[in-house]
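Heads up: the structure comes next, in structure tokens.
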Amino acid sequence: MDFHFDASLDEFRREVRAFVADNLPAHIAARQRHKSFAPDDLHTAEWQAILHRRGWSVPAWPVEHGGTGWSPLQQFVFSDECAALDAPVFPWGPRDMVGPILYTFGSEALKARFLPMIREGRHYWCQGFSEPGSGSDLASLRTTALRQGDRYIVNGQKIWTSGAAVARFGFFLVKTDTRCKPQQGISFLIIDMNSPGVTVRPIPQIDGDDHLCEVFLDNVEVPAEHLIGEEGKGWTYAKHLLDHERTGSAYIFWNKRELAKAREIARGEYRDGVAVIDSEPFRARLARAEARLIALEWSVLRILADEQSHWHPTALASCLKVRGAQLQQEITALQQEAMGVKALRYMAPRDLADFPVSALWPDYLVGKTSVALVARAATLYGGTLQIQRGIIARAAFGI
Amino acid sequence: MDFNLSPEQQLLRDSATRFVRERHPFETRRAIANGATGYSDGLWSAMADLGWLMLNVPEDQGGLGAPMADTVVLMHTLGKGLVAEPVINTGVWAACLLAGGEGGAVRRHWLDASASGAARLAVAHRENGRSWQGLPPATRARRDGDGYLLGGQKIAVCDAPVADALLITAAEEGQPGLAVFLVERNTPGLVRDDYRLVDGSAASDLTLLDCRVPAANRLLAGEEGAATFAAASDRAHLAVLATLAGLMEGSLELAADYARTRRQFGQPIAAFQAIQHLLADMFVACQESQSILFQALAAIDSPDAARRQRALSAAAVVMGEGLRFVTEQGIQLHGGYGVTDEYAISHCHRRGMVLAQWFGDGDEHLARFSRLAPHGD
């Protein structure tokens, strides 16, 4: 056992910090501060292009595809610094899902066409997995893609498709074979969102935003070469991804940044002349969240450092998802608590950049309620809390 | 960064696992806990023979000078096996106090005796109405000729009834910091009120009535003494936390095994989602505790007491909560059997209660963690 970050990692951290501080445009950082969840396509793309020029836009990818060759701990430090300085969170779909599936299973033609585009952040991507009748039970999905000559004809409906209204491309789970067992006929397909027959309907959300969408696919023609890998392997590819990216669901960088924001709010807000941060009940709750956050960070480090465990890796990964999601809710609740009655003001997500900041309504309050409301979804997306518990019971105890 | 056991640590764990399996199966544990003293001389000397009491004795003082990680590995396994011998009191806490102390011959004698298992030692610090790390002790030490007179009272001193000598904290008259005195078991003026704790181990309230000890028995004194006491106590606290992590893992395994075998409504109760989700949450709590234990271990060698203690308190907060959840729900999953002495889960719960109080309760550590925040709040 040895728990020291080696000295070169400290140096690396300083290098990343200096780069981000010098190159992250102030208006992008401000956007990120106000509205941490929904990725704003333009600002995220602008930041990704900046990172791309430095060669840092897709750190985890293999070097031949533009990756950095960094160790897992270097990647951890990189993300940690980016988040701490309010760099936008990358849309993980293209970088962490489409990219890895493409370079692992995709054809040369697909790789040549799409990998550079993702690397440079040229387009926003959406992810079409869930359907109205297929939420937690993803294997029951019904959207079909039937082969006709050199095309697939796609019919069906997707839901909770974040950013579909601004996305240029989507990666969809579709049934290419409707006769076999549910999980076997599923394939990954890239769909140009400008194709005829694609209709996107934004869903008004709990926070007034409408980032989540419904996507209707009505006889959409998709070139057959947009199939990633082989037909019927979608489920296998998705599992492959989960095995290779086990720590993202902890939202560790997000949680660290937002806990720091909770502290900032609590220092700035007062009740009866006493800063919220000096109220004993609040301090205790803040401390408890922070201790749990430290535990979560060390859980992430254990996986990154490849600790050998007799427990099934899937069970360990789901632990991160469970605690990471619970902490998002706990931390945003602390922010709301510190804001008190000010947390009740509705701030339209689309207008946050123009919010009239004042002494009464400081910058640190802007957009926080929206984030707290959307954080209710943290225990829903990517497999609900209840699904995660089922996964753990199965993986850890074989039941 | 490396979380894996070294080959030596692997051996240590294997040997401790074998020890628990062969020498300390649950029925043995139960017999000892319900026996006359709560302890076993045979087990104690067997553990001494394995060298486990020398881990924290420096090499130049005849010990193994092992890294603290070794103690964590050992205590994790002994915790899981519900071993209640005074390994932490003697082999960690007292060993670190003696190794860092003054008083040539006395210190030397007792360090050798504890490392070889010839003596059991217990550290007496807690006092009635005082938190673990609150005010300086009300117990007083006054210089008197060629010795010291000790007066005061200590409460719930773990393992004291079987200790050959006690290491007692006191405020020394006219001196800053903290003093620690070694008081042998039968010293006149030392009155013990012995009783059993809920887990079957034993403790004493000590009353010191002008208890006279030779000057050489003052092991630590002054500000330096306070710092040494803090460092030794932090190591013992970490050993307790490692024990808790093992205890939690053991409770989880007991609960999962029981759920798989207990049948109701024609099927194992593990088939019910309500049970599966409870087990999953227990699993999450165990993993989280193991993670924050590593974090505390990573800070234990820091010369900065605030950093060490912040890390320990963070661990105590998360693990205290996790322990209660895992052992209480472990009982719940056992149904009525969970509240019987016959089932190991009730021993896990009771042992956990004792250990989680020893170095301060959850609220105390939440407050200390918050107070030692590096954010300047």
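Going by the structure tokens order, chains are called A, B, ..., each with residues numbered from 1, while ligands are numbered from 1 in the order shown.
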
At a cut-off of 8 Å, which residues of chain B touch chain A? Count only C-alpha atoms and give the answer as an mmCIF file with C-alpha atoms, in the first residue's frame.
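Contents of the output file part_15.cif:
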data_model
loop_
_atom_site.group_PDB
_atom_site.id
_atom_site.type_symbol
_atom_site.label_atom_id
_atom_site.label_comp_id
_atom_site.auth_asym_id
_atom_site.auth_seq_id
_atom_site.Cartn_x
_atom_site.Cartn_y
_atom_site.Cartn_z
ATOM 1 C CA MET B 1 -0.892 5.181 -5.572
ATOM 2 C CA ASP B 2 -1.337 1.542 -4.637
ATOM 3 C CA PHE B 3 -4.163 0.066 -2.575
ATOM 4 C CA ASN B 4 -2.989 -3.507 -2.821
ATOM 5 C CA LEU B 5 -1.417 -5.504 -0.047
ATOM 6 C CA SER B 6 2.310 -6.098 -0.195
ATOM 7 C CA ALA B 69 -0.841 -0.289 7.156
ATOM 8 C CA ALA B 256 -26.094 -12.062 3.077
ATOM 9 C CA ARG B 260 -29.644 -16.782 1.149
ATOM 10 C CA ALA B 270 -32.875 -13.020 -0.529
ATOM 11 C CA ALA B 271 -35.329 -13.410 -3.402
ATOM 12 C CA GLN B 273 -36.408 -7.076 -3.438
ATOM 13 C CA GLN B 276 -31.854 -7.234 -1.786
ATOM 14 C CA HIS B 277 -31.990 -3.459 -1.577
ATOM 15 C CA LEU B 279 -28.126 -5.716 1.410
ATOM 16 C CA ALA B 280 -27.089 -3.415 -1.439
ATOM 17 C CA ASP B 281 -27.195 -0.366 0.820
ATOM 18 C CA PHE B 283 -22.640 -3.110 0.729
ATOM 19 C CA VAL B 284 -22.383 0.550 -0.289
ATOM 20 C CA GLN B 287 -17.257 0.116 0.617
ATOM 21 C CA GLU B 288 -17.577 3.759 1.571
ATOM 22 C CA SER B 289 -16.139 2.968 4.993
ATOM 23 C CA SER B 291 -12.467 4.052 1.260
ATOM 24 C CA ILE B 292 -12.437 6.619 4.019
ATOM 25 C CA PHE B 294 -7.682 4.335 3.467
ATOM 26 C CA GLN B 295 -7.880 8.109 3.543
ATOM 27 C CA ALA B 298 -2.824 7.915 4.235
ATOM 28 C CA ALA B 314 -13.864 12.252 8.637
ATOM 29 C CA ALA B 315 -13.466 8.495 8.825
ATOM 30 C CA VAL B 317 -18.119 10.247 10.973
ATOM 31 C CA VAL B 318 -18.695 8.129 7.888
ATOM 32 C CA LEU B 366 -18.316 15.701 13.251
ATOM 33 C CA ALA B 367 -17.544 18.787 15.323
ATOM 34 C CA PHE B 369 -13.850 17.547 11.490
ATOM 35 C CA SER B 370 -15.730 20.785 10.981
ATOM 36 C CA ASP B 377 -14.406 29.033 8.125
#

Compile the contact shell of A:Gly55 as a ChimeraX atom specification: residues with an atom at most 9 Å away, counting only C-alpha atoms, same-chain residues fewer than 6 positions apart removed. /A:66-68

Please dump the current selection as a short mmCIF file (atom, residue, chain, number, x, y, z; two decimals), in the first residue's frame; keep C-alpha atoms.
data_model
loop_
_atom_site.label_atom_id
_atom_site.label_comp_id
_atom_site.auth_asym_id
_atom_site.auth_seq_id
_atom_site.Cartn_x
_atom_site.Cartn_y
_atom_site.Cartn_z
CA GLY A 66 -5.85 11.89 -30.35
CA GLY A 67 -5.71 10.78 -26.72
CA THR A 68 -3.07 11.95 -24.27
#

Please measure the separation of atom CA of B:Ala231 and atom CA of B:Ala122, giving the value in Å to one decimal.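 Atom CA of B:Ala231 sits 16.5 Å away from atom CA of B:Ala122.
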
Got a sec: who's within 10 Å of A:Thr236, counting only C-alpha atoms, leaving out chain neighbours fewer than 4 positions off, as a count of residues only? 8

Quote the spacing between atom CA of B:Leu197 and atom CA of B:Trp93 in Å to one decimal place.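 Atom CA of B:Trp93 lies 19.9 Å from atom CA of B:Leu197.
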
Applying 12 Å and only C-alpha atoms, which residues near A:Glu230 remain after dropping the ones on its own chain fewer than 2 positions away? List them as a ChimeraX atom specification. /A:101-102,104-107,176,184-189,224-228,232-237

Which one is closest to B:Pro214: B:Val198, B:Leu297, B:Leu166, B:Leu150? Count only C-alpha atoms.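 When distances to B:Pro214 are compared using only C-alpha atoms, the smallest one comes from B:Leu150.
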
Selection: 10 Å around B:Met54, only C-alpha atoms, excl. self and same-chain fewer than 2 positions, as a compact mmCIF listing (two decimals) with N, CA and C atoms, in the first residue's frame:
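This went into out-v2.txt:
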# COMPACT_ATOMS: atom_id res chain seq x y z
N ALA B 48 0.77 -13.19 20.65
CA ALA B 48 2.11 -12.67 20.92
C ALA B 48 3.15 -13.48 20.15
N ASP B 49 2.97 -14.81 20.13
CA ASP B 49 3.91 -15.67 19.40
C ASP B 49 3.95 -15.33 17.92
N LEU B 50 2.83 -14.88 17.39
CA LEU B 50 2.78 -14.51 15.98
C LEU B 50 3.43 -13.14 15.71
N GLY B 51 3.84 -12.47 16.78
CA GLY B 51 4.55 -11.20 16.62
C GLY B 51 3.65 -10.00 16.46
N TRP B 52 2.35 -10.20 16.66
CA TRP B 52 1.41 -9.12 16.39
C TRP B 52 1.50 -7.96 17.38
N ASN B 56 4.12 -2.34 16.36
CA ASN B 56 4.28 -0.90 16.59
C ASN B 56 5.44 -0.54 17.51
N VAL B 57 6.27 -1.53 17.78
CA VAL B 57 7.49 -1.26 18.56
C VAL B 57 8.63 -1.03 17.55
N PRO B 58 9.34 0.10 17.68
CA PRO B 58 10.39 0.40 16.70
C PRO B 58 11.47 -0.69 16.67
N GLU B 59 12.09 -0.81 15.53
CA GLU B 59 13.12 -1.84 15.38
C GLU B 59 14.26 -1.67 16.36
N GLN B 61 14.13 -0.67 19.17
CA GLN B 61 13.73 -1.02 20.54
C GLN B 61 13.26 -2.47 20.60
N GLY B 62 13.68 -3.23 19.61
CA GLY B 62 13.42 -4.67 19.66
C GLY B 62 12.14 -5.12 18.99
N GLY B 63 11.46 -4.19 18.32
CA GLY B 63 10.20 -4.57 17.68
C GLY B 63 10.34 -4.71 16.19
N LEU B 64 9.19 -4.67 15.51
CA LEU B 64 9.18 -4.83 14.05
C LEU B 64 9.13 -3.50 13.32
N GLY B 65 8.73 -2.44 14.02
CA GLY B 65 8.66 -1.13 13.37
C GLY B 65 7.89 -1.16 12.07
N ALA B 66 6.78 -1.88 12.08
CA ALA B 66 6.02 -2.06 10.83
C ALA B 66 5.25 -0.79 10.48
N THR B 90 -2.78 -2.67 24.06
CA THR B 90 -1.41 -3.06 24.39
C THR B 90 -0.46 -2.84 23.21
N GLY B 91 -0.85 -3.41 22.08
CA GLY B 91 0.08 -3.48 20.95
C GLY B 91 0.14 -2.22 20.10
N VAL B 92 -0.84 -1.36 20.25
CA VAL B 92 -0.81 -0.12 19.46
C VAL B 92 -0.68 1.09 20.37
N ALA B 95 1.99 0.63 23.22
CA ALA B 95 3.30 0.46 22.57
C ALA B 95 3.80 1.80 22.02
N LEU B 111 7.79 -2.06 27.78
CA LEU B 111 7.72 -2.19 26.33
C LEU B 111 8.04 -3.62 25.93
N ASP B 112 9.11 -4.17 26.56
CA ASP B 112 9.47 -5.56 26.28
C ASP B 112 8.34 -6.51 26.69
N SER B 114 5.16 -5.92 26.99
CA SER B 114 3.96 -5.85 26.15
C SER B 114 4.23 -6.47 24.79
N ALA B 115 5.43 -6.23 24.25
CA ALA B 115 5.73 -6.76 22.92
C ALA B 115 5.78 -8.28 22.94
N SER B 116 6.19 -8.86 24.06
CA SER B 116 6.29 -10.32 24.14
C SER B 116 4.99 -10.96 24.60
N GLY B 117 4.04 -10.13 24.99
CA GLY B 117 2.77 -10.66 25.47
C GLY B 117 2.81 -11.02 26.95

Among listed residues A:Pro25, A:Pro59, A:Gly133, A:Gly121, nearest A:Asp86 (using only C-alpha atoms): A:Pro25

What's the 12 Å shell around stretch 347-363 of chain A, counting only C-alpha atoms, without same-chain residues fewer than 4 positions away, as a ChimeraX atom specification? /A:27-40,204-211,261,264-265,267-270,339,341-343,367-371,373-374

Rank B:Thr261, B:Ser40, B:Ser251, B:Gln309 by their smallest atom-to-atom distance to B:Cys286, using only C-alpha atoms, and report the top residue only. B:Ser251

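Reported to one decimal place, the separation of atom CA of B:Ala118 from atom CA of B:Arg13 is 23.8 Å.
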
Using DSSP on the backbone, list every residue of stretch 55-147 of chain A that comes out as strand (DSSP E), and give them as a ChimeraX atom specification. /A:125-128,144-147

Could you save those same residues with N, CA and C atoms as a PDB file, in the first residue's frame?
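Okay, this is what ended up in again_10.pdb:
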ATOM      1  N   TRP A 125     -23.871  16.129 -29.691  1.00  0.00           N
ATOM      2  CA  TRP A 125     -24.459  14.813 -29.914  1.00  0.00           C
ATOM      3  C   TRP A 125     -25.527  14.538 -28.867  1.00  0.00           C
ATOM      4  N   CYS A 126     -26.526  13.785 -29.254  1.00  0.00           N
ATOM      5  CA  CYS A 126     -27.492  13.335 -28.255  1.00  0.00           C
ATOM      6  C   CYS A 126     -27.504  11.811 -28.223  1.00  0.00           C
ATOM      7  N   GLN A 127     -28.107  11.303 -27.166  1.00  0.00           N
ATOM      8  CA  GLN A 127     -28.093   9.863 -26.923  1.00  0.00           C
ATOM      9  C   GLN A 127     -29.520   9.332 -26.886  1.00  0.00           C
ATOM     10  N   GLY A 128     -29.871   8.481 -27.835  1.00  0.00           N
ATOM     11  CA  GLY A 128     -31.236   7.956 -27.886  1.00  0.00           C
ATOM     12  C   GLY A 128     -31.327   6.539 -27.358  1.00  0.00           C
ATOM     13  N   THR A 144     -37.315   0.326 -34.163  1.00  0.00           N
ATOM     14  CA  THR A 144     -36.738  -0.657 -35.085  1.00  0.00           C
ATOM     15  C   THR A 144     -35.915   0.025 -36.165  1.00  0.00           C
ATOM     16  N   ALA A 145     -34.907  -0.674 -36.629  1.00  0.00           N
ATOM     17  CA  ALA A 145     -34.110  -0.227 -37.775  1.00  0.00           C
ATOM     18  C   ALA A 145     -34.005  -1.447 -38.690  1.00  0.00           C
ATOM     19  N   LEU A 146     -34.785  -1.429 -39.745  1.00  0.00           N
ATOM     20  CA  LEU A 146     -34.817  -2.599 -40.613  1.00  0.00           C
ATOM     21  C   LEU A 146     -34.030  -2.331 -41.878  1.00  0.00           C
ATOM     22  N   ARG A 147     -33.197  -3.283 -42.208  1.00  0.00           N
ATOM     23  CA  ARG A 147     -32.289  -3.127 -43.343  1.00  0.00           C
ATOM     24  C   ARG A 147     -33.069  -3.217 -44.650  1.00  0.00           C
TER      25      ARG A 147
END

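The smallest atom-to-atom distance between A:Glu64 and any of A:Arg95, A:Arg246, A:Arg122, A:Lys111, using only C-alpha atoms, is found for A:Lys111.
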
Can you tell me which residues surround B:Ile155 at a distance of at most 9 Å, considering only C-alpha atoms, apart from same-chain residues fewer than 5 positions away, and format the answer as an MDAnalysis selection string? chainID B and resid 124:128 203:207

Would you mind writing down, as a ChimeraX atom specification, each residue of stretch 204-306 of chain B that DSSP on the backbone assigns to helix (DSSP H, G or I)? /B:215-217,222-261,269-271,273-299,305-306

Using only C-alpha atoms: which of B:Asp234, B:Ile275, B:Ala216, B:Gly336 has the shortest distance to B:Ser302: B:Asp234
